[in-house]
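Asker: One structure, as structure tokens, below. Some questions next.
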Amino acid sequence: LPFDNFIKYQVAGDLFAEPSLDQQIASGFNRLHLIIDRGTALPQESFTRNVVDRVAAVGTAFLGLTVQCAVCHDHKYDPIRQKDFYQLFAFFNNFDGGPETGGRSTSDFKRGLQPPYIDFPSPEQTVQLERIDAEISRLNTQLETLPADPEPSAERKALSDQLARQRQARAAVEEAIPATLVMKERAEVRPAHILIRGVYDQPGEEVGRDTPAFLPPMQKRDGLKTRLDFADWLVAKSNPLTARVTVNRFWQQFFGVGLVRTSEDFGAQGERPSHPELLDDLAVRFLQSGWDVKELVRSIVSSKTYQQTSRAPPEKYLADPDNRRLARGPRFRLDAEMIRDQVLAVSGLLSPTMFGRSVKPPQPSGLWKMVAMPSSYPRAYEADTQDRIYRRSVYTFWKRALPPPQMSIFDAPTRESCIARRERTNTPLQALVLMNEEQYFLAASYCARELLRSAEREDDERIRLAFEKVTSQLPGAAEMESLQDALHDFRKLYASDAASAAAITTDLLHVGADPAERIELAAWTMLVHSLLNLDVTKTRQ
């Protein structure tokens with residue numbers, strides 16, 4: 001899929017002529033804002049906040065501009081007027097889905113949904129719903145035929161009880177059906193106004209749909225401009241900004257920092273590109289390739305710049321600590337999701353299953369209850385089981401009020417707003433997570449068991465295999481000596497502490513297993529655990 005089409009599907013997939021299922025699903029990008037519950041904000045206030053969030057997300061993701069700074073006044077640094085913001089606002093405020101607030105007792109709420117959305121029932125679920133609906137219809141018909149006389153009341157109560165059970169059964173089936181939010185336009189166009197000081201109930205001058213005056217204009221069309229027209233403008237050849245922002249973010253993915261460091265802000269307050277001609281060249285070639293992401297990635301990773309070693313003498317690090325001159329290869333800590341997926345992958349635990357519902361890996365008990373209101377759903381965290389907990393991190397269920405701690409400790413954003421650039425911190429908590437987190441420790445145990453089952457029989461062979469599996473490198477003489485000594489020490493430790501050996505091998509060995517087998521597995525578990533905690537394991541270099 002060319003990247004320009006990807007953008008168009010995200011921004012306006014629902015407006016294509018006879019939109020495909022993929023196009024409709026992609027339009028759900030516009031629905032990723034917070035859903036503010038009734039009682040927390042008035043419906044119109046909530047609606048306005050959501051439209052502002054849509055505009056801000058598009059401005060950040062595709063234009064690299066802080067357009068949200070013009071919500072209540074003209075932008076103080078960039079040539080974005082308040083009128084410009086509300087002309088963009090006008091593309092996104094014609095949403096047909098109600099106020100996006102609702103009660104907490106409905107099936108939609110329990111599914112995390114607000115209309116409009118698309119259901120994806122399996123054939124079995126479709127048959128179940130048809131059968132239940134037929135039974136509900138039959139019971140309703142019977143109730144309607146009963147006289148109102150209280151002396152047939154026992155029969156009425158029996159039928160009513162049956163009807164209630166069928167409705168509960170229907171709700172249970174509904175809650176199990178995967179679904180996704182989508183965009184949908186109102187038939188009658190909602191007017192847009194400049195909001196005085198950005199206040200939702202203080203409308204000022206009415207504005208039409210248009211793009212910021214300082215950027216290349218939209219192509220003139222007859223009739224009302226649509227969100228699809230806006231999407232076409234984002235990727236038009238006359239508007240190179242989107243391509244520049246996009247190639248900069250791909251560069252950021254591979255080098256840890258973009259050619260423009262402030263990848264979310266190409267405006268006056270952002271940092272100027274370190275290599276402006278390179279950024280121009282990449283953007284032009286990306287456009288000429290037909291927005292071909294694979295070609296862009298290939299050109300970056302096959303370059304001599306990317307393939308340089310990240311090793312350099314101290315004086316060069318001191319002269320250019322952030323490597324803005326690109327005199328050496330990139331070196332940076334992996335993102336939170338990559339670290340988790342990497343640990344599970346090298347251990348052999350990572351599940352290759354694709355698609356499907358979100359999953360809940362294990363996390364400390366009681367965390368959600370600390371932040372959840374009594375009526376929130378789901379209030380309690382119920383971890384999944386079996387292979388589901390080893391699925392890639394992209395499938396992890398995310399509660400914005402309390403994100404998965406394994407992710408937030410490694411600087412994953414909360415997902416309350418569009419973030420184009422993550423900060424990277426280095427804290428003791430990160431080391432503690434890698435050392436003690438349940439899944440990471442189990443990964444070490446599982447990898448150790450597979451090493452003991454491997455064809456290699458000598459310690460040195462297994463050590464080399466483990467080191468290469470975890471780091472993608474071969475150990476040097478000094479590293480081999482350290483690992484040999486560590487293995488010897490671990491064996492000695494667990495030979496004198498059978499209870500600890502049993503405790504860390506419980507998940508992989510049956511009760512009553514040979515104590516010598518437990519000692520060996522415990523020693524190798526700690527050796528692999530040590531490798532998983534090396535800096536090279538969580539660092540791209």
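A note on labels: chains of the structure tokens are A, B, ... as shown, every chain counts residues from 1, and ligands are counted from 1 in their shown order.
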Applying 10 Å and only C-alpha atoms, which residues near Arg462 (chain A) remain after dropping the ones on its own chain fewer than 4 positions away? List them as a VMD selection string.
Answerer: chain A and resid 448 451 to 452 454 to 458 466 to 468 524
Asker: Ala499 (chain A): which residues within 10 Å, counting only C-alpha atoms, same-chain residues fewer than 3 positions away excluded, as a JSON list (two decimals) with all heavy atoms, in the first residue's frame?
Answerer:
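Saved to part32.json:
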[["chain", "number", "residue", "atom", "x", "y", "z"],
["A", 494, "TYR", "N", 23.17, -23.00, 43.66],
["A", 494, "TYR", "CA", 21.92, -23.76, 43.70],
["A", 494, "TYR", "C", 22.13, -25.18, 44.22],
["A", 494, "TYR", "O", 21.19, -25.80, 44.72],
["A", 494, "TYR", "CB", 21.25, -23.76, 42.33],
["A", 494, "TYR", "CG", 20.69, -22.40, 41.99],
["A", 494, "TYR", "CD1", 21.20, -21.66, 40.93],
["A", 494, "TYR", "CD2", 19.69, -21.83, 42.76],
["A", 494, "TYR", "CE1", 20.72, -20.40, 40.64],
["A", 494, "TYR", "CE2", 19.20, -20.57, 42.48],
["A", 494, "TYR", "CZ", 19.71, -19.86, 41.41],
["A", 494, "TYR", "OH", 19.24, -18.60, 41.13],
["A", 495, "ALA", "N", 23.36, -25.68, 44.16],
["A", 495, "ALA", "CA", 23.64, -26.98, 44.78],
["A", 495, "ALA", "C", 23.52, -26.89, 46.30],
["A", 495, "ALA", "O", 23.16, -27.87, 46.97],
["A", 495, "ALA", "CB", 25.04, -27.45, 44.40],
["A", 496, "SER", "N", 23.78, -25.69, 46.83],
["A", 496, "SER", "CA", 23.68, -25.49, 48.28],
["A", 496, "SER", "C", 22.34, -24.89, 48.70],
["A", 496, "SER", "O", 22.10, -24.67, 49.89],
["A", 496, "SER", "CB", 24.81, -24.57, 48.77],
["A", 496, "SER", "OG", 24.69, -23.28, 48.17],
["A", 502, "ALA", "N", 14.41, -25.01, 43.15],
["A", 502, "ALA", "CA", 13.05, -25.50, 42.88],
["A", 502, "ALA", "C", 12.11, -24.35, 42.58],
["A", 502, "ALA", "O", 11.24, -24.46, 41.70],
["A", 502, "ALA", "CB", 12.54, -26.30, 44.09],
["A", 503, "ALA", "N", 12.28, -23.22, 43.28],
["A", 503, "ALA", "CA", 11.37, -22.09, 43.11],
["A", 503, "ALA", "C", 11.43, -21.50, 41.71],
["A", 503, "ALA", "O", 10.40, -21.14, 41.14],
["A", 503, "ALA", "CB", 11.68, -21.02, 44.15],
["A", 504, "ILE", "N", 12.63, -21.40, 41.13],
["A", 504, "ILE", "CA", 12.73, -20.74, 39.82],
["A", 504, "ILE", "C", 12.58, -21.72, 38.65],
["A", 504, "ILE", "O", 12.64, -21.31, 37.50],
["A", 504, "ILE", "CB", 14.04, -19.95, 39.68],
["A", 504, "ILE", "CG1", 15.25, -20.89, 39.61],
["A", 504, "ILE", "CG2", 14.20, -18.93, 40.78],
["A", 504, "ILE", "CD1", 16.54, -20.16, 39.27],
["A", 515, "PRO", "N", 16.55, -33.47, 41.45],
["A", 515, "PRO", "CA", 17.16, -32.24, 41.99],
["A", 515, "PRO", "C", 18.35, -31.77, 41.16],
["A", 515, "PRO", "O", 18.56, -30.57, 41.01],
["A", 515, "PRO", "CB", 17.58, -32.67, 43.41],
["A", 515, "PRO", "CG", 16.65, -33.78, 43.77],
["A", 515, "PRO", "CD", 16.40, -34.52, 42.50],
["A", 518, "ARG", "N", 17.07, -29.80, 38.32],
["A", 518, "ARG", "CA", 16.63, -28.47, 38.75],
["A", 518, "ARG", "C", 17.83, -27.53, 38.95],
["A", 518, "ARG", "O", 17.77, -26.36, 38.57],
["A", 518, "ARG", "CB", 15.83, -28.57, 40.05],
["A", 518, "ARG", "CG", 14.46, -29.20, 39.88],
["A", 518, "ARG", "CD", 13.61, -29.01, 41.14],
["A", 518, "ARG", "NE", 12.29, -29.59, 40.96],
["A", 518, "ARG", "CZ", 11.28, -28.97, 40.35],
["A", 518, "ARG", "NH1", 11.45, -27.77, 39.84],
["A", 518, "ARG", "NH2", 10.10, -29.56, 40.24],
["A", 519, "ILE", "N", 18.89, -28.04, 39.54],
["A", 519, "ILE", "CA", 20.08, -27.20, 39.77],
["A", 519, "ILE", "C", 20.66, -26.74, 38.45],
["A", 519, "ILE", "O", 21.02, -25.57, 38.28],
["A", 519, "ILE", "CB", 21.12, -28.00, 40.59],
["A", 519, "ILE", "CG1", 20.62, -28.21, 42.02],
["A", 519, "ILE", "CG2", 22.47, -27.28, 40.59],
["A", 519, "ILE", "CD1", 21.44, -29.21, 42.81]]
Asker: I need the residues in region 32-261 of chain A that are strand (DSSP E) according to DSSP; give them as a PDB file with all heavy atoms, in the first residue's frame.
Answerer:
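Result written to states.pdb:
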ATOM      1  N   TYR A 117     -19.643   2.204  14.689  1.00  0.00           N
ATOM      2  CA  TYR A 117     -18.597   1.192  14.700  1.00  0.00           C
ATOM      3  C   TYR A 117     -19.030   0.047  13.791  1.00  0.00           C
ATOM      4  O   TYR A 117     -20.187  -0.049  13.369  1.00  0.00           O
ATOM      5  CB  TYR A 117     -18.317   0.690  16.119  1.00  0.00           C
ATOM      6  CG  TYR A 117     -19.505   0.118  16.840  1.00  0.00           C
ATOM      7  CD1 TYR A 117     -19.896  -1.214  16.662  1.00  0.00           C
ATOM      8  CD2 TYR A 117     -20.245   0.905  17.725  1.00  0.00           C
ATOM      9  CE1 TYR A 117     -20.985  -1.743  17.340  1.00  0.00           C
ATOM     10  CE2 TYR A 117     -21.333   0.379  18.410  1.00  0.00           C
ATOM     11  CZ  TYR A 117     -21.704  -0.936  18.210  1.00  0.00           C
ATOM     12  OH  TYR A 117     -22.784  -1.465  18.881  1.00  0.00           O
ATOM     13  N   ILE A 118     -18.072  -0.835  13.488  1.00  0.00           N
ATOM     14  CA  ILE A 118     -18.331  -1.995  12.638  1.00  0.00           C
ATOM     15  C   ILE A 118     -18.081  -3.251  13.455  1.00  0.00           C
ATOM     16  O   ILE A 118     -17.055  -3.377  14.117  1.00  0.00           O
ATOM     17  CB  ILE A 118     -17.412  -2.003  11.402  1.00  0.00           C
ATOM     18  CG1 ILE A 118     -17.640  -0.769  10.532  1.00  0.00           C
ATOM     19  CG2 ILE A 118     -17.641  -3.253  10.564  1.00  0.00           C
ATOM     20  CD1 ILE A 118     -16.696  -0.683   9.347  1.00  0.00           C
ATOM     21  N   ASP A 119     -19.030  -4.185  13.412  1.00  0.00           N
ATOM     22  CA  ASP A 119     -18.870  -5.485  14.057  1.00  0.00           C
ATOM     23  C   ASP A 119     -18.221  -6.481  13.107  1.00  0.00           C
ATOM     24  O   ASP A 119     -18.411  -6.406  11.883  1.00  0.00           O
ATOM     25  CB  ASP A 119     -20.235  -6.041  14.494  1.00  0.00           C
ATOM     26  CG  ASP A 119     -20.728  -5.398  15.777  1.00  0.00           C
ATOM     27  OD1 ASP A 119     -19.891  -5.129  16.659  1.00  0.00           O
ATOM     28  OD2 ASP A 119     -21.950  -5.163  15.899  1.00  0.00           O
ATOM     29  N   ALA A 179     -14.914  -5.561  17.259  1.00  0.00           N
ATOM     30  CA  ALA A 179     -15.493  -4.400  16.582  1.00  0.00           C
ATOM     31  C   ALA A 179     -14.467  -3.286  16.540  1.00  0.00           C
ATOM     32  O   ALA A 179     -13.476  -3.304  17.276  1.00  0.00           O
ATOM     33  CB  ALA A 179     -16.759  -3.927  17.308  1.00  0.00           C
ATOM     34  N   THR A 180     -14.685  -2.307  15.681  1.00  0.00           N
ATOM     35  CA  THR A 180     -13.779  -1.159  15.612  1.00  0.00           C
ATOM     36  C   THR A 180     -14.569   0.107  15.322  1.00  0.00           C
ATOM     37  O   THR A 180     -15.572   0.082  14.586  1.00  0.00           O
ATOM     38  CB  THR A 180     -12.700  -1.373  14.529  1.00  0.00           C
ATOM     39  OG1 THR A 180     -11.749  -0.313  14.604  1.00  0.00           O
ATOM     40  CG2 THR A 180     -13.299  -1.398  13.135  1.00  0.00           C
ATOM     41  N   LEU A 181     -14.123   1.215  15.903  1.00  0.00           N
ATOM     42  CA  LEU A 181     -14.759   2.501  15.658  1.00  0.00           C
ATOM     43  C   LEU A 181     -14.412   2.994  14.261  1.00  0.00           C
ATOM     44  O   LEU A 181     -13.318   2.758  13.757  1.00  0.00           O
ATOM     45  CB  LEU A 181     -14.276   3.534  16.687  1.00  0.00           C
ATOM     46  CG  LEU A 181     -14.410   3.168  18.168  1.00  0.00           C
ATOM     47  CD1 LEU A 181     -13.898   4.313  19.036  1.00  0.00           C
ATOM     48  CD2 LEU A 181     -15.849   2.869  18.517  1.00  0.00           C
ATOM     49  N   ALA A 192     -19.257  25.521  11.273  1.00  0.00           N
ATOM     50  CA  ALA A 192     -18.105  25.674  12.168  1.00  0.00           C
ATOM     51  C   ALA A 192     -17.872  27.158  12.441  1.00  0.00           C
ATOM     52  O   ALA A 192     -18.052  28.001  11.553  1.00  0.00           O
ATOM     53  CB  ALA A 192     -16.856  25.062  11.544  1.00  0.00           C
ATOM     54  N   HIS A 193     -17.482  27.458  13.661  1.00  0.00           N
ATOM     55  CA  HIS A 193     -17.237  28.842  14.076  1.00  0.00           C
ATOM     56  C   HIS A 193     -15.882  28.940  14.764  1.00  0.00           C
ATOM     57  O   HIS A 193     -15.411  27.969  15.365  1.00  0.00           O
ATOM     58  CB  HIS A 193     -18.316  29.310  15.065  1.00  0.00           C
ATOM     59  CG  HIS A 193     -19.702  29.312  14.507  1.00  0.00           C
ATOM     60  ND1 HIS A 193     -20.301  30.446  14.002  1.00  0.00           N
ATOM     61  CD2 HIS A 193     -20.611  28.302  14.368  1.00  0.00           C
ATOM     62  CE1 HIS A 193     -21.521  30.146  13.587  1.00  0.00           C
ATOM     63  NE2 HIS A 193     -21.732  28.848  13.792  1.00  0.00           N
ATOM     64  N   ILE A 194     -15.267  30.100  14.680  1.00  0.00           N
ATOM     65  CA  ILE A 194     -14.137  30.386  15.549  1.00  0.00           C
ATOM     66  C   ILE A 194     -14.670  30.451  16.968  1.00  0.00           C
ATOM     67  O   ILE A 194     -15.646  31.156  17.244  1.00  0.00           O
ATOM     68  CB  ILE A 194     -13.472  31.733  15.166  1.00  0.00           C
ATOM     69  CG1 ILE A 194     -12.858  31.652  13.770  1.00  0.00           C
ATOM     70  CG2 ILE A 194     -12.412  32.123  16.199  1.00  0.00           C
ATOM     71  CD1 ILE A 194     -12.277  32.962  13.279  1.00  0.00           C
ATOM     72  N   LEU A 195     -14.073  29.678  17.856  1.00  0.00           N
ATOM     73  CA  LEU A 195     -14.513  29.687  19.250  1.00  0.00           C
ATOM     74  C   LEU A 195     -13.708  30.730  20.022  1.00  0.00           C
ATOM     75  O   LEU A 195     -12.471  30.656  20.072  1.00  0.00           O
ATOM     76  CB  LEU A 195     -14.335  28.301  19.876  1.00  0.00           C
ATOM     77  CG  LEU A 195     -15.134  27.169  19.204  1.00  0.00           C
ATOM     78  CD1 LEU A 195     -14.882  25.848  19.917  1.00  0.00           C
ATOM     79  CD2 LEU A 195     -16.624  27.485  19.189  1.00  0.00           C
ATOM     80  N   PRO A 203     -19.282  30.673  20.401  1.00  0.00           N
ATOM     81  CA  PRO A 203     -19.004  30.745  18.958  1.00  0.00           C
ATOM     82  C   PRO A 203     -18.867  32.177  18.477  1.00  0.00           C
ATOM     83  O   PRO A 203     -19.596  33.069  18.907  1.00  0.00           O
ATOM     84  CB  PRO A 203     -20.215  30.052  18.333  1.00  0.00           C
ATOM     85  CG  PRO A 203     -21.312  30.250  19.328  1.00  0.00           C
ATOM     86  CD  PRO A 203     -20.661  30.220  20.677  1.00  0.00           C
ATOM     87  N   GLY A 204     -17.909  32.375  17.584  1.00  0.00           N
ATOM     88  CA  GLY A 204     -17.718  33.685  16.964  1.00  0.00           C
ATOM     89  C   GLY A 204     -18.017  33.604  15.485  1.00  0.00           C
ATOM     90  O   GLY A 204     -19.031  33.038  15.066  1.00  0.00           O
ATOM     91  N   GLU A 205     -17.117  34.136  14.665  1.00  0.00           N
ATOM     92  CA  GLU A 205     -17.299  34.178  13.210  1.00  0.00           C
ATOM     93  C   GLU A 205     -17.419  32.776  12.627  1.00  0.00           C
ATOM     94  O   GLU A 205     -16.677  31.865  12.981  1.00  0.00           O
ATOM     95  CB  GLU A 205     -16.090  34.890  12.592  1.00  0.00           C
ATOM     96  CG  GLU A 205     -16.061  34.880  11.065  1.00  0.00           C
ATOM     97  CD  GLU A 205     -14.728  35.366  10.510  1.00  0.00           C
ATOM     98  OE1 GLU A 205     -13.901  35.892  11.286  1.00  0.00           O
ATOM     99  OE2 GLU A 205     -14.520  35.210   9.290  1.00  0.00           O
ATOM    100  N   GLU A 206     -18.372  32.569  11.728  1.00  0.00           N
ATOM    101  CA  GLU A 206     -18.506  31.282  11.043  1.00  0.00           C
ATOM    102  C   GLU A 206     -17.409  31.172   9.986  1.00  0.00           C
ATOM    103  O   GLU A 206     -17.074  32.144   9.302  1.00  0.00           O
ATOM    104  CB  GLU A 206     -19.885  31.151  10.397  1.00  0.00           C
ATOM    105  CG  GLU A 206     -20.109  29.783   9.754  1.00  0.00           C
ATOM    106  CD  GLU A 206     -21.535  29.571   9.253  1.00  0.00           C
ATOM    107  OE1 GLU A 206     -22.429  30.349   9.663  1.00  0.00           O
ATOM    108  OE2 GLU A 206     -21.750  28.629   8.467  1.00  0.00           O
ATOM    109  N   VAL A 207     -16.832  29.977   9.848  1.00  0.00           N
ATOM    110  CA  VAL A 207     -15.756  29.759   8.876  1.00  0.00           C
ATOM    111  C   VAL A 207     -16.084  28.545   8.013  1.00  0.00           C
ATOM    112  O   VAL A 207     -16.851  27.668   8.403  1.00  0.00           O
ATOM    113  CB  VAL A 207     -14.400  29.542   9.581  1.00  0.00           C
ATOM    114  CG1 VAL A 207     -13.965  30.785  10.321  1.00  0.00           C
ATOM    115  CG2 VAL A 207     -14.456  28.342  10.522  1.00  0.00           C
TER     116      VAL A 207
END
Asker: Smallest atom-to-atom distance to Leu509 (chain A): which of A:Gln386, A:Ser445, A:Thr471, A:Gln342, using only C-alpha atoms?
Answerer: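 Closest residue, counting only C-alpha atoms: A:Ser445.
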Asker: Give me the residues near Gly290 (chain A) as a PyMOL selection string, where near means some atom within 9 Å (using only C-alpha atoms) and where sequence neighbours in that chain fewer than 4 positions away do not count.
Answerer: chain A and resi 2-4+285-286
Asker: Measuring between only C-alpha atoms, which one of A:Arg190, A:Thr246, A:Val257, A:Thr539 shows the shortest distance to Met338 (chain A)?
Answerer: A:Thr539
Asker: Which is closer to Asp210 (chain A) than all the others in A:Ser107, A:Gln87, A:Thr505, A:Thr60, using only C-alpha atoms?
Answerer: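 Distance minimum relative to Asp210 (chain A) lands on A:Gln87.
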Asker: Can you list, as a list in words, every protein, DNA or RNA residue that comes within 9 Å of region 6-21 of chain A when you count only C-alpha atoms, leaving out same-chain residues fewer than 2 positions away?
Answerer: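 What passes the distance filter is Leu1, Pro2, Phe3, Asp4, Gln23, Gln24, Ile25, Ala26, Ser27, Gly28, Phe29, Asn30, Val58, Phe62, Val182, Met183, Lys184, Glu185, Thr226, Arg227, Leu228, Asp229, Phe230, Ala231, Asp232, Leu234 and Val235 of chain A.
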Asker: Would you mind exporting N, CA, C and O atoms of the selected residues as a compact mmCIF listing (two decimals), in the first residue's frame?
Answerer:
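Saved to out_19.txt:
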# COMPACT_ATOMS: atom_id res chain seq x y z
N LEU A 1 0.85 -1.19 0.00
CA LEU A 1 0.00 0.00 0.00
C LEU A 1 0.89 1.24 0.00
O LEU A 1 1.64 1.44 0.94
N PRO A 2 0.84 2.06 -1.04
CA PRO A 2 1.62 3.30 -1.05
C PRO A 2 1.25 4.19 0.15
O PRO A 2 0.09 4.23 0.55
N PHE A 3 2.23 4.89 0.69
CA PHE A 3 2.00 5.63 1.93
C PHE A 3 1.01 6.77 1.75
O PHE A 3 0.31 7.13 2.70
N ASP A 4 0.92 7.35 0.56
CA ASP A 4 -0.06 8.42 0.36
C ASP A 4 -1.48 7.87 0.47
O ASP A 4 -2.37 8.52 1.05
N GLN A 23 -10.67 0.47 4.21
CA GLN A 23 -10.75 1.94 4.22
C GLN A 23 -11.60 2.44 5.38
O GLN A 23 -11.26 3.43 6.04
N GLN A 24 -12.71 1.76 5.64
CA GLN A 24 -13.55 2.16 6.78
C GLN A 24 -12.82 1.95 8.10
O GLN A 24 -12.87 2.82 8.99
N ILE A 25 -12.14 0.82 8.23
CA ILE A 25 -11.39 0.55 9.47
C ILE A 25 -10.33 1.62 9.68
O ILE A 25 -10.13 2.12 10.79
N ALA A 26 -9.62 1.97 8.61
CA ALA A 26 -8.55 2.96 8.72
C ALA A 26 -9.07 4.31 9.20
O ALA A 26 -8.37 5.03 9.92
N SER A 27 -10.31 4.65 8.83
CA SER A 27 -10.87 5.94 9.24
C SER A 27 -11.02 6.03 10.75
O SER A 27 -11.20 7.12 11.30
N GLY A 28 -10.93 4.89 11.44
CA GLY A 28 -10.99 4.90 12.90
C GLY A 28 -9.83 5.65 13.53
O GLY A 28 -9.86 5.94 14.73
N PHE A 29 -8.80 6.00 12.75
CA PHE A 29 -7.72 6.87 13.23
C PHE A 29 -8.29 8.13 13.87
O PHE A 29 -7.77 8.63 14.87
N ASN A 30 -9.36 8.64 13.29
CA ASN A 30 -9.97 9.87 13.80
C ASN A 30 -10.76 9.67 15.08
O ASN A 30 -11.23 10.64 15.68
N VAL A 58 -3.78 15.17 13.37
CA VAL A 58 -3.43 15.28 11.96
C VAL A 58 -2.29 16.27 11.77
O VAL A 58 -1.34 16.04 11.01
N PHE A 62 1.03 14.36 10.31
CA PHE A 62 1.24 14.51 8.87
C PHE A 62 1.84 15.85 8.46
O PHE A 62 2.45 15.95 7.39
N VAL A 182 -15.33 3.71 13.63
CA VAL A 182 -15.10 4.28 12.30
C VAL A 182 -15.65 5.71 12.28
O VAL A 182 -16.37 6.13 13.19
N MET A 183 -15.30 6.43 11.23
CA MET A 183 -15.85 7.77 11.03
C MET A 183 -17.09 7.69 10.16
O MET A 183 -17.26 6.75 9.36
N LYS A 184 -17.97 8.69 10.30
CA LYS A 184 -19.18 8.77 9.49
C LYS A 184 -19.62 10.22 9.44
O LYS A 184 -19.67 10.89 10.46
N GLU A 185 -19.93 10.71 8.23
CA GLU A 185 -20.33 12.10 8.05
C GLU A 185 -21.84 12.26 8.21
O GLU A 185 -22.63 11.39 7.81
N THR A 226 -14.47 18.49 1.09
CA THR A 226 -14.69 17.38 2.01
C THR A 226 -13.38 16.98 2.70
O THR A 226 -12.29 17.42 2.33
N ARG A 227 -13.53 16.11 3.69
CA ARG A 227 -12.35 15.58 4.36
C ARG A 227 -11.48 14.78 3.40
O ARG A 227 -10.25 14.72 3.55
N LEU A 228 -12.09 14.17 2.38
CA LEU A 228 -11.31 13.47 1.36
C LEU A 228 -10.50 14.45 0.52
O LEU A 228 -9.36 14.17 0.14
N ASP A 229 -11.09 15.61 0.22
CA ASP A 229 -10.34 16.65 -0.47
C ASP A 229 -9.14 17.08 0.37
O ASP A 229 -8.03 17.31 -0.14
N PHE A 230 -9.35 17.21 1.67
CA PHE A 230 -8.26 17.58 2.57
C PHE A 230 -7.17 16.51 2.56
O PHE A 230 -5.97 16.82 2.53
N ALA A 231 -7.58 15.23 2.57
CA ALA A 231 -6.60 14.14 2.52
C ALA A 231 -5.81 14.17 1.22
O ALA A 231 -4.59 13.94 1.21
N ASP A 232 -6.49 14.47 0.10
CA ASP A 232 -5.79 14.62 -1.19
C ASP A 232 -4.77 15.75 -1.13
O ASP A 232 -3.67 15.64 -1.67
N LEU A 234 -3.19 16.79 1.54
CA LEU A 234 -2.06 16.39 2.38
C LEU A 234 -0.96 15.72 1.57
O LEU A 234 0.24 15.90 1.86
N VAL A 235 -1.33 14.96 0.55
CA VAL A 235 -0.34 14.18 -0.20
C VAL A 235 -0.13 14.72 -1.62
O VAL A 235 0.50 14.06 -2.45
Asker: Please, which residues in region 267-341 of chain A fall within 12 Å of region 414-423 of chain A when counting only C-alpha atoms, and what is the closest atom pair and distance in Å to one decimal for each, ordered by chain then residue number, as CSV?
Answerer:
residue,atom,partner,partner_atom,distance
A:Phe332,CA,A:Glu423,CA,11.2
A:Arg333,CA,A:Glu423,CA,10.6
A:Leu334,CA,A:Arg422,CA,10.9
A:Asp335,CA,A:Arg422,CA,8.5
A:Ala336,CA,A:Arg422,CA,10.3
Asker: How would the residues just chosen look if you wrote them out with C-alpha atoms as an mmCIF file, in the first residue's frame?
Answerer:
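again_25.cif written:
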data_model
loop_
_atom_site.group_PDB
_atom_site.id
_atom_site.type_symbol
_atom_site.label_atom_id
_atom_site.label_comp_id
_atom_site.auth_asym_id
_atom_site.auth_seq_id
_atom_site.Cartn_x
_atom_site.Cartn_y
_atom_site.Cartn_z
ATOM 1 C CA PHE A 332 20.131 4.141 21.243
ATOM 2 C CA ARG A 333 17.964 2.123 23.630
ATOM 3 C CA LEU A 334 15.105 0.269 21.970
ATOM 4 C CA ASP A 335 11.513 1.345 22.542
ATOM 5 C CA ALA A 336 9.494 -0.369 25.266
#
Asker: For a test of reading the model, state the distance in Å between CA of Ala477 (chain A) and CA of Phe490 (chain A), rounded to one decimal.
Answerer: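 Going from CA of Ala477 (chain A) over to CA of Phe490 (chain A) covers 20.0 Å.
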Asker: Go through A:His73, A:Leu465, A:Trp398, A:Arg388 and flag the residue nearest Val199 (chain A), using only C-alpha atoms for the distances.
Answerer: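 Selected residue with least distance to Val199 (chain A): A:His73.
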Asker: Would you mind telling me which residue in A:Leu65, A:Leu146, A:Cys72, A:Val173 lies nearest to Thr262 (chain A) when using only C-alpha atoms?
Answerer: A:Leu65
Asker: What gap, in Å, lies between CA of Arg464 (chain A) and CA of Phe441 (chain A)?
Answerer: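 We find that CA of Arg464 (chain A) and CA of Phe441 (chain A) lie 20.4 Å from each other.
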Asker: Could you write out, as a PyMOL selection string, all the residues of region 86-225 of chain A that DSSP marks as helix (DSSP H, G or I)?
Answerer: chain A and resi 86-92+107-110+123-145+153-175+196-198
Asker: For Ser482 (chain A), which of A:Ser274, A:Asn323, A:Thr353, A:Ser530 is the closest residue, counting only C-alpha atoms?
Answerer: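 Between A:Ser274, A:Asn323, A:Thr353, A:Ser530, the residue approaching Ser482 (chain A) most closely is A:Ser530.
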Asker: Which distance in Å separates CA of Leu402 (chain A) and CA of Pro361 (chain A), to one decimal?
Answerer: 14.1 Å
